[in-house]
There are 2 protein chains.
Amino acid sequence: MSKPPLDTAASATASRSRSKRSGSQLTPEAIIEASLRIAARGSADAFTVRRLGEELGADPTAVYRHFRDKDELLLEVADRTLGEVLDSIPEGLNWQDRIRALADGSLAVALKYPAVASAMASRTTRRPNEFRVVELILGAVTEAGLSGTDAAVHYRMVGDSLLALVGQRAAYLLFSPEARAADESAWNREYRLVDPEAFPQITKAALELAGVSQDQVYDARVEALITAIERRAVELRGGA
Amino acid sequence: MSKPPLDTAASATASRSRSKRSGSQLTPEAIIEASLRIAARGSADAFTVRRLGEELGADPTAVYRHFRDKDELLLEVADRTLGEVLDSIPEGLNWQDRIRALADGSLAVALKYPAVASAMASRTTRRPNEFRVVELILGAVTEAGLSGTDAAVHYRMVGDSLLALVGQRAAYLLFSPEARAADESAWNREYRLVDPEAFPQITKAALELAGVSQDQVYDARVEALITAIERRAVELRGGA
DNA sequence: CGTTGTTGTCAACACTGTTGCGCTGAGTCG
DNA sequence: CGACTCAGCGCAACAGTGTTGACAACAACG
């Protein structure tokens, strides 16, 4: 009962009784792994069908014998990276630390495969590992004291926010070094030369704005999610 | 002193003393407005250079006489939409309602020009209206009681989070109707047929998960930002 | 009038994802 | 053992993207 052999894309080769097709060098597994390899190279245009063909030493269009779309392949690859995230989460943490661990793991994996994470920032895979993530977050918010609609809404808040957060970081990593330099120097140059009359707040905070690190923002955003859950929990425990 | 004629892309035509170039049908203004028009059509591939040429009744490549890149045009268009957002924010609100108004306005504009909002989800324009938004958020967090690094970090938290939030919503709107239907039905079908042993939380919350609306998630995410600021403010007011 | 510089048009390039045709080679059956 | 079937792969090509360089028209200036 554990699992019917999950009829996703692997069934194409699995349908043959004895899969000892030997000659078939290209398997879904190999394609996914090659995708992860080139996605890990970090360059923005890394994950293209033709580059994937190069990496596989095969014709690019051969991939279409195993995946309907590039999109289907992307979802499969993304689910694989989600697996990496889940494997990085230790056991025996309280719910806050489980969310922190999920966030940290997601960020690490997103920065490892930026092209995938960036493309998935507004997507959902609906594949096995995503279910495990949903279960993880739902477990956390229920342990925090939420249930019913509260649990569902706060799960979506955490899931969507984390996806967006790591997607943004990944996309930033994919920018050309020049674009990134221009972005960073903006805080140091343009925001300090602004008209003090029209923008008093910016003028006052220019120095600190330039000093903010990505990790500080990341922490603030993750902690905001946890705080929101906690607050809703005490709201429910308290009155109303 | 009010403003040196902002030497962005408009300077190309402004440099000529008398701009009565008559023959010149194509001005940056017209191009930006045409871009907004086709972006408002909502289809995913709406905002292409060739479609822009159609809308202008001119050769697509003529745009490159007024903007270096499609990216530069995109930033200019995005700044224009940011202006729309700012104009929608009324005066005389407390800081919480100012952030809510900013979020609501951003969402409305993002859903109006989904192609632009989706493309800007991980970007920064560094153009006039963005400065005004920065000023607005910084004013809100200082009114809340934050200053220095706290203000800077929480500004970034709010700015980045809102950008990601409306970008996600816009991207979702750009999906093909089939993809959107598949996504919605997933909550109603797949999440209710999951193995209760392996995924007890999902099983328990399946019904509520299907019932969550995008607006509920939106509210939760915006309120989480406000709550985080409030909490940091009382932390500082109370004991350090 | 001639020169100059701006602005639109046209053709073309490099790149993307994707499809249909044909070949090969291994598995299957008579 | 020989013939057949058919999945898997390569090849060529298509529609689409952003972008560039050469050329023509035309207003402005000396």
# chains A, B, ... in the order shown; residues from 1 in each chain; ligands from 1
>>> select_by_dssp(residues="range 1-237 of chain B", states="helix (DSSP H, G or I)", output="PyMOL selection string")
chain B and resi 11-14+28-39+49-56+60-65+70-87+95-112+114-119+128-144+148-174+177-188+190-192+200-211+214-237
>>> residues_around(residues="range 221-228 of chain A", least_positions_apart="2", cutoff="8 Å", atoms="only C-alpha atoms (C1' of nucleotides)", output="PDB file with C-alpha atoms, in the first residue's frame")
ATOM      1  CA  GLN A  96       9.639  28.040  15.632  1.00  0.00           C
ATOM      2  CA  ILE A  99      10.205  27.062  10.445  1.00  0.00           C
ATOM      3  CA  ARG A 100      13.597  28.676  10.801  1.00  0.00           C
ATOM      4  CA  ALA A 103      13.675  28.862   5.762  1.00  0.00           C
ATOM      5  CA  MET A 157       1.267  32.884   4.500  1.00  0.00           C
ATOM      6  CA  VAL A 158       4.417  31.015   5.478  1.00  0.00           C
ATOM      7  CA  LEU A 162       9.193  31.767   1.975  1.00  0.00           C
ATOM      8  CA  VAL A 217      16.444  41.534   5.942  1.00  0.00           C
ATOM      9  CA  TYR A 218      16.111  37.784   5.658  1.00  0.00           C
ATOM     10  CA  ASP A 219      16.022  37.366   9.420  1.00  0.00           C
ATOM     11  CA  GLU A 230       2.550  33.588  17.785  1.00  0.00           C
ATOM     12  CA  ARG A 231       0.376  36.658  17.936  1.00  0.00           C
ATOM     13  CA  ARG A 232      -2.583  34.901  16.409  1.00  0.00           C
TER      14      ARG A 232
ATOM     15  CA  MET B 157      11.464  44.043   5.038  1.00  0.00           C
ATOM     16  CA  SER B 161       7.900  41.730   1.001  1.00  0.00           C
ATOM     17  CA  GLU B 223      -0.672  42.350   8.862  1.00  0.00           C
ATOM     18  CA  ALA B 224       2.379  40.251   9.631  1.00  0.00           C
ATOM     19  CA  LEU B 225       4.579  43.094   8.462  1.00  0.00           C
ATOM     20  CA  THR B 227       2.835  43.311  13.601  1.00  0.00           C
ATOM     21  CA  ALA B 228       6.567  42.819  13.215  1.00  0.00           C
TER      22      ALA B 228
END
>>> closest_atom_pairs(of="chain C", to="chain B", cutoff="12 Å", atoms="only C-alpha atoms (C1' of nucleotides)", output="Markdown table")
| residue | atom | partner | partner_atom | distance |
| --- | --- | --- | --- | --- |
| C:DG5 | C1' | B:Arg16 | CA | 11.4 |
| C:DT6 | C1' | B:Arg65 | CA | 9.2 |
| C:DT7 | C1' | B:Ser24 | CA | 7.0 |
| C:DG8 | C1' | B:Ala62 | CA | 6.0 |
| C:DT9 | C1' | B:Asp59 | CA | 6.6 |
| C:DC10 | C1' | B:Asp59 | CA | 9.1 |
| C:DA11 | C1' | B:Thr61 | CA | 11.8 |
>>> interface_residues(of="chain D", to="chain A", cutoff="10 Å", atoms="only C-alpha atoms (C1' of nucleotides)", output="ChimeraX atom specification")
/D:7-11
>>> atom_distance(atom1="C1' of DC14 in chain D", atom2="C1' of DA12 in chain C")
16.8 Å
>>> closest_atom_pairs(of="chain B", to="chain A", cutoff="7 Å", atoms="only C-alpha atoms", output="tab-separated table")
residue	atom	partner	partner_atom	distance
B:Ser122	CA	A:Gln168	CA	5.1
B:Glu135	CA	A:Gln201	CA	5.7
B:Leu138	CA	A:Gln201	CA	6.1
B:Gly139	CA	A:Gln201	CA	6.2
B:Gly148	CA	A:Glu208	CA	6.1
B:Thr149	CA	A:Glu208	CA	5.4
B:Ala152	CA	A:Leu209	CA	5.1
B:Val153	CA	A:Val217	CA	5.8
B:Arg156	CA	A:Val217	CA	6.3
B:Met157	CA	A:Val217	CA	5.6
B:Ala164	CA	A:Ala164	CA	5.7
B:Gln168	CA	A:Ser122	CA	5.2
B:Ala171	CA	A:Ser122	CA	6.4
B:Tyr172	CA	A:Ser122	CA	6.9
B:Phe199	CA	A:Glu135	CA	6.1
B:Gln201	CA	A:Glu135	CA	5.7
B:Ile202	CA	A:Glu135	CA	5.8
B:Ala205	CA	A:Gly148	CA	6.4
B:Glu208	CA	A:Thr149	CA	5.4
B:Leu209	CA	A:Ala152	CA	5.1
B:Val212	CA	A:Val153	CA	6.2
B:Gln216	CA	A:Val153	CA	6.7
B:Val217	CA	A:Met157	CA	5.6
B:Ala220	CA	A:Met157	CA	6.5
B:Arg221	CA	A:Met157	CA	5.9
B:Ala224	CA	A:Ala228	CA	5.1
B:Leu225	CA	A:Ala224	CA	6.4
B:Thr227	CA	A:Ala228	CA	6.7
B:Ala228	CA	A:Ala224	CA	5.1
>>> atom_distance(atom1="C1' of DG18 in chain D", atom2="CA of Glu72 in chain B")
12.8 Å
>>> residues_around(residues="DG16 in chain D", least_positions_apart="4", cutoff="12 Å", atoms="only C-alpha atoms (C1' of nucleotides)", output="list in words")
Asp45, Thr48, Val49, Arg50 and Arg51 of chain B; DC15, DT16, DG17 and DT18 of chain C
>>> residues_around(residues="range 87-93 of chain A", least_positions_apart="5", cutoff="9 Å", atoms="only C-alpha atoms (C1' of nucleotides)", output="list in words")
Leu82, Arg98, Ala101, Leu102 and Gly105 of chain A
>>> atom_distance(atom1="CA of Ile32 in chain B", atom2="CA of Asp79 in chain B")
10.3 Å
